[in-house]
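A.B. asks: Dropping the structure in here first, questions after.
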Amino acid sequence: MNITVVGTGYVGLVTGTCFAESGHRVTCLDLDAAKIETLRGGGIPIYEPGLEELVRRNVKERRLSFTTSYPEAMKDADVAFIAVGTPPGENGDADLSYVLAAAREIGRHLTRYTVVVDKSTVPVGSADKVAEALREVTTQPFDVVSNPEFLKEGAAIDDFMRPDRVVVGVASERARAVMAELYAPFVRAEQPVLFMDLRSAELTKYAANAMLATRISFMNEIATLCEKLGADVDQVRRGIGSDRRIGHPFLFPGVGFGGSCFPKDVRAVMSMARHLGLDFDLLRAVERVNERQKRWLVEKAHKHFGTLAGRTFGVWGLAFKPRTDDMREAPAITVIEGLLAAGARVRAHDPVAAQVADGIFRGRGVTLVDEPYAAAEGADALLLVTEWNEFRQPDLARLKQLMAQPVLFDGRNVWDAAKVRAAGFTYYGVGRAA
Ligand code: UGA
């Protein structure tokens with residue numbers, strides 16, 4: 001099939017590349033000419049393990065190409081994916097203007113029956129608006145499909161190639177057949193394409209992210225209880241996760257969830273409910289707990305040190321999670337801003353997010369260093385914010401020698417409390433006994 005993908009952000013680029021890898025001819029379109037230049041030259045505008053190699057191979061084998069031109073991208077297209085951004089507006093609603101603009105451009109260049117697929121995360125009812133936008137500009141036949149994305153940054157290729165499920169909202173048999181063929185290489189009998197109506201598919205995306213965010217805030221509340229009660233959250237986590245009805249994933253307490261999806265989608269669901277005269281109380285609490293959790297490290301530091309003014313803190317990890325350079329709504333921002341506001345100095349290291357962090361913290365009293373141990377030099381305490389693998393087995397003797405005081409705040413519970421205490425450190429974990 002000939003596939004067009006509009007938007008070469010995270011979702012668009014991964015989607016286009018993976019479809020090319022499965023043998024289709026894919027044209028990715030973006031209005032940002034600099035981005036398209038980079039991609040044509042074999043560069044990748046985002047950090048995602050394995051993606052660069054896959055892009056290069058498919059470009060070389062002429063299954064994948066990049067353009068800024070709609071006529072070129074839409075020539076012979078069987079399927080056109082819309083994968084542009086839906087940034088939150090002032091009131092938390094997703095802004096549909098990029099999606100509708102892309103729909104209109106696609107519509108203007110339709111030459112025959114085409115399936116137009118919404119991959120962006122859009123409010124329920126958007127497929128109808130996309131269809132309306134198309135109808136305004138074309139008389140060619142088309143179907144609109146909702147196909148939300150469940151990729152995790154840092155594991156996106158694997159999530160796309162071996163999905164737990166593919167959700168497809170359709171309103172016609174013809175579109176259903178096209179989507180079934182498209183996803184056939186990626187699904188198995190036990191992990192099928194779930195066909196459903198358009199609105200249910202749109203809501204599934206939000207419901208999944210809101211549920212996962214709820215699990216995380218729930219565990220962060222349990223962690224707070226553990227600290228007060230002298231229980232250990234790791235043991236409680238294992239205890240409840242073994243119940244198959246609950247399951248183990250996404251029960252890790254920490255410094256709060258961040259990224260471009262969970263915080264935005266939680267707010268979007270609340271906003272959708274509000275428009276309908278409903279109050280999604282539960283998600284309000286999820287958000288409140290998350291805001292509090294992002295302040296956990298700094299509060300612990302206050303409790304330990306009293307005043308933080310004039311102290312130096314080392315920070316390990318800045319990205320909102322490992323294996324990405326994405327710092328959107330990253331808890332590290334709240335942590336570092338809290339330390340700076342209290343008059344402390346910060347030395348921070350992240351394996352890949354330093355450049356992004358520089359854009360956020362430049363001129364604000366944060367020293368970004370290239371190497372983890374340089375962040376600990378002269379520090380009164382070291383704070384682990386993002387659980388990159390390289391932080392999991394620190395050289396404790398070296399840390400102790402470098403730091404002004406041997407104090408560790410483990411925002412992700414990755415260190416062995418007994419071991420670091422035996423090495424002479426004061427250790428704080430989330431939901432772990434002090
Ligand atoms: C999330 C979803 O997991 C994807 O399925 C979805 O496609 C994506 O949003 C999206 O809507 O585009 P992502 O934001 O890449 O993916 O990252 P996650 O791995 O879900 O992590 C989100 C945040 O939750 C991170 O800050 C992470 O540290 C935190 N988290 C995750 C926890 O604090 N505890 C956990 O147990 C799991």
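In the structure tokens, each chain is lettered A, B, ... as it comes, each chain's residues begin at 1, and ligands are numbered from 1 in order of appearance.
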Which chain A residues have any atom within 7 Å of an atom of ligand 1, and for each, what is the nearest pair of atoms with distance in Å to one decimal, counting only C-alpha atoms and all ligand atoms, rows sorted by chain and number, as a Markdown table?

C.D. replies:
| residue | atom | partner | partner_atom_place_in_ligand_line | distance |
| --- | --- | --- | --- | --- |
| A:Glu149 | CA | ligand 1 | 7 (O) | 5.2 |
| A:Phe150 | CA | ligand 1 | 7 (O) | 3.0 |
| A:Leu151 | CA | ligand 1 | 7 (O) | 3.8 |
| A:Lys152 | CA | ligand 1 | 15 (O) | 3.6 |
| A:Glu153 | CA | ligand 1 | 15 (O) | 3.7 |
| A:Gly154 | CA | ligand 1 | 15 (O) | 7.0 |
| A:Asn209 | CA | ligand 1 | 2 (C) | 6.0 |
| A:Ala213 | CA | ligand 1 | 24 (O) | 6.9 |
| A:Ile216 | CA | ligand 1 | 34 (N) | 5.2 |
| A:Pro249 | CA | ligand 1 | 36 (O) | 6.2 |
| A:Phe250 | CA | ligand 1 | 36 (O) | 3.1 |
| A:Leu251 | CA | ligand 1 | 36 (O) | 4.2 |
| A:Phe252 | CA | ligand 1 | 36 (O) | 3.5 |
| A:Pro253 | CA | ligand 1 | 34 (N) | 5.4 |
| A:Gly254 | CA | ligand 1 | 33 (O) | 5.1 |
| A:Val255 | CA | ligand 1 | 33 (O) | 6.5 |
| A:Gly256 | CA | ligand 1 | 33 (O) | 5.1 |
| A:Phe257 | CA | ligand 1 | 26 (O) | 3.7 |
| A:Gly258 | CA | ligand 1 | 26 (O) | 3.9 |
| A:Gly259 | CA | ligand 1 | 14 (O) | 5.0 |
| A:Ser260 | CA | ligand 1 | 14 (O) | 5.9 |
| A:Cys261 | CA | ligand 1 | 11 (O) | 4.5 |
| A:Phe262 | CA | ligand 1 | 9 (O) | 5.9 |
| A:Phe320 | CA | ligand 1 | 26 (O) | 4.7 |
| A:Lys321 | CA | ligand 1 | 28 (O) | 4.7 |
| A:Ala330 | CA | ligand 1 | 26 (O) | 6.7 |

A.B. asks: Can you pull out every residue within 10 Å of Ala207 in chain A, counting only C-alpha atoms, but drop anything in the same chain fewer than 6 positions away, and send it as a short mmCIF file (atom, residue, chain, number, x, y, z; two decimals) with N, CA and C atoms, in the first residue's frame?

C.D. replies:
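Ended up saving to result_36.cif:
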data_model
loop_
_atom_site.label_atom_id
_atom_site.label_comp_id
_atom_site.auth_asym_id
_atom_site.auth_seq_id
_atom_site.Cartn_x
_atom_site.Cartn_y
_atom_site.Cartn_z
N SER A 200 -15.72 5.24 20.66
CA SER A 200 -15.14 4.33 21.67
C SER A 200 -13.63 4.26 21.49
N ALA A 201 -13.16 4.24 20.24
CA ALA A 201 -11.71 4.20 20.00
C ALA A 201 -11.06 5.47 20.54
N ALA A 213 -2.17 6.55 34.86
CA ALA A 213 -1.80 7.66 35.74
C ALA A 213 -2.42 7.46 37.13
N ASP A 265 -3.25 14.23 29.21
CA ASP A 265 -4.46 13.44 28.99
C ASP A 265 -5.36 13.42 30.23
N VAL A 266 -4.76 13.41 31.41
CA VAL A 266 -5.56 13.48 32.64
C VAL A 266 -6.38 14.78 32.63
N VAL A 269 -9.24 14.64 29.96
CA VAL A 269 -10.43 13.86 30.37
C VAL A 269 -11.28 14.68 31.34
#

A.B. asks: List the spatial neighbours of range 7-16 of chain A as JSON, numbers by chain - criterion: any atom at most 7 Å away, only C-alpha atoms, same-chain residues fewer than 4 positions off excluded.

C.D. replies: {"A": [20, 26, 28, 29, 30, 82, 83, 84, 157]}

A.B. asks: Could you take the residues named above and write them with C-alpha atoms, as a compact mmCIF listing (two decimals), in the first residue's frame?

C.D. replies:
# COMPACT_ATOMS: atom_id res chain seq x y z
CA ALA A 20 7.87 1.01 5.78
CA VAL A 26 5.61 5.45 3.09
CA CYS A 28 6.25 11.29 5.71
CA LEU A 29 5.26 14.92 5.43
CA ASP A 30 6.09 17.81 7.70
CA ILE A 82 -2.74 12.42 10.69
CA ALA A 83 -0.08 12.43 13.40
CA VAL A 84 0.29 16.12 14.20
CA ILE A 157 9.68 0.48 18.06

A.B. asks: Hey, can you check how far CA of Arg347 in chain A sits from CA of Asp410 in chain A?

C.D. replies: 16.1 Å

A.B. asks: Residues at most 10 Å from range 236-242 of chain A, counting only C-alpha atoms, excluding those fewer than 2 positions away in the same chain, as a list of chain:residue names?

C.D. replies: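 In the requested format, the answer is A:Met219, A:Ile222, A:Ala223, A:Cys226, A:Ala231, A:Asp232, A:Val233, A:Asp234, A:Arg244, A:Arg245, A:Ile246, A:Gly247, A:His248, A:Pro249, A:Phe250, A:Leu251, A:Phe252, A:Pro253, A:Gly431.
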
A.B. asks: The selected residues should be written to file as an mmCIF file, in the first residue's frame (atoms: N, CA and C atoms).

C.D. replies:
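Once everything was written out, this is out.cif:
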data_model
loop_
_atom_site.group_PDB
_atom_site.id
_atom_site.type_symbol
_atom_site.label_atom_id
_atom_site.label_comp_id
_atom_site.auth_asym_id
_atom_site.auth_seq_id
_atom_site.Cartn_x
_atom_site.Cartn_y
_atom_site.Cartn_z
ATOM 1 N N MET A 219 -0.294 4.430 43.915
ATOM 2 C CA MET A 219 0.891 3.849 44.566
ATOM 3 C C MET A 219 1.697 4.913 45.303
ATOM 4 N N ILE A 222 0.017 5.203 48.554
ATOM 5 C CA ILE A 222 0.359 4.042 49.393
ATOM 6 C C ILE A 222 1.780 4.213 49.937
ATOM 7 N N ALA A 223 2.679 4.738 49.104
ATOM 8 C CA ALA A 223 4.067 4.951 49.539
ATOM 9 C C ALA A 223 4.118 5.926 50.722
ATOM 10 N N CYS A 226 3.085 4.129 53.699
ATOM 11 C CA CYS A 226 4.160 3.226 54.135
ATOM 12 C C CYS A 226 5.180 3.973 54.998
ATOM 13 N N ALA A 231 5.986 0.700 56.974
ATOM 14 C CA ALA A 231 5.911 -0.445 56.047
ATOM 15 C C ALA A 231 6.813 -0.164 54.855
ATOM 16 N N ASP A 232 7.010 -1.183 54.009
ATOM 17 C CA ASP A 232 7.908 -1.038 52.863
ATOM 18 C C ASP A 232 7.106 -1.180 51.573
ATOM 19 N N VAL A 233 7.091 -0.134 50.768
ATOM 20 C CA VAL A 233 6.215 -0.116 49.591
ATOM 21 C C VAL A 233 6.609 -1.169 48.553
ATOM 22 N N ASP A 234 7.886 -1.536 48.486
ATOM 23 C CA ASP A 234 8.285 -2.567 47.518
ATOM 24 C C ASP A 234 7.612 -3.893 47.841
ATOM 25 N N ARG A 244 -3.576 -11.477 39.953
ATOM 26 C CA ARG A 244 -3.652 -11.289 38.497
ATOM 27 C C ARG A 244 -4.638 -10.207 38.087
ATOM 28 N N ARG A 245 -5.597 -9.928 38.967
ATOM 29 C CA ARG A 245 -6.545 -8.866 38.629
ATOM 30 C C ARG A 245 -5.866 -7.494 38.685
ATOM 31 N N ILE A 246 -4.773 -7.401 39.433
ATOM 32 C CA ILE A 246 -4.062 -6.122 39.544
ATOM 33 C C ILE A 246 -2.865 -6.109 38.592
ATOM 34 N N GLY A 247 -2.005 -7.095 38.682
ATOM 35 C CA GLY A 247 -0.832 -7.172 37.790
ATOM 36 C C GLY A 247 0.307 -6.274 38.264
ATOM 37 N N HIS A 248 1.537 -6.594 37.828
ATOM 38 C CA HIS A 248 2.722 -5.878 38.326
ATOM 39 C C HIS A 248 3.042 -4.537 37.655
ATOM 40 N N PRO A 249 2.803 -4.377 36.330
ATOM 41 C CA PRO A 249 3.301 -3.150 35.703
ATOM 42 C C PRO A 249 2.661 -1.860 36.232
ATOM 43 N N PHE A 250 3.434 -0.779 36.112
ATOM 44 C CA PHE A 250 2.930 0.560 36.465
ATOM 45 C C PHE A 250 2.462 0.687 37.902
ATOM 46 N N LEU A 251 3.166 -0.004 38.813
ATOM 47 C CA LEU A 251 2.863 0.158 40.235
ATOM 48 C C LEU A 251 4.068 0.736 40.961
ATOM 49 N N PHE A 252 4.966 1.383 40.211
ATOM 50 C CA PHE A 252 6.180 1.881 40.861
ATOM 51 C C PHE A 252 5.976 3.301 41.375
ATOM 52 N N PRO A 253 6.112 3.481 42.692
ATOM 53 C CA PRO A 253 6.033 4.846 43.212
ATOM 54 C C PRO A 253 7.305 5.581 42.815
ATOM 55 N N GLY A 431 8.536 5.683 50.166
ATOM 56 C CA GLY A 431 7.737 4.627 50.785
ATOM 57 C C GLY A 431 8.593 3.542 51.416
#
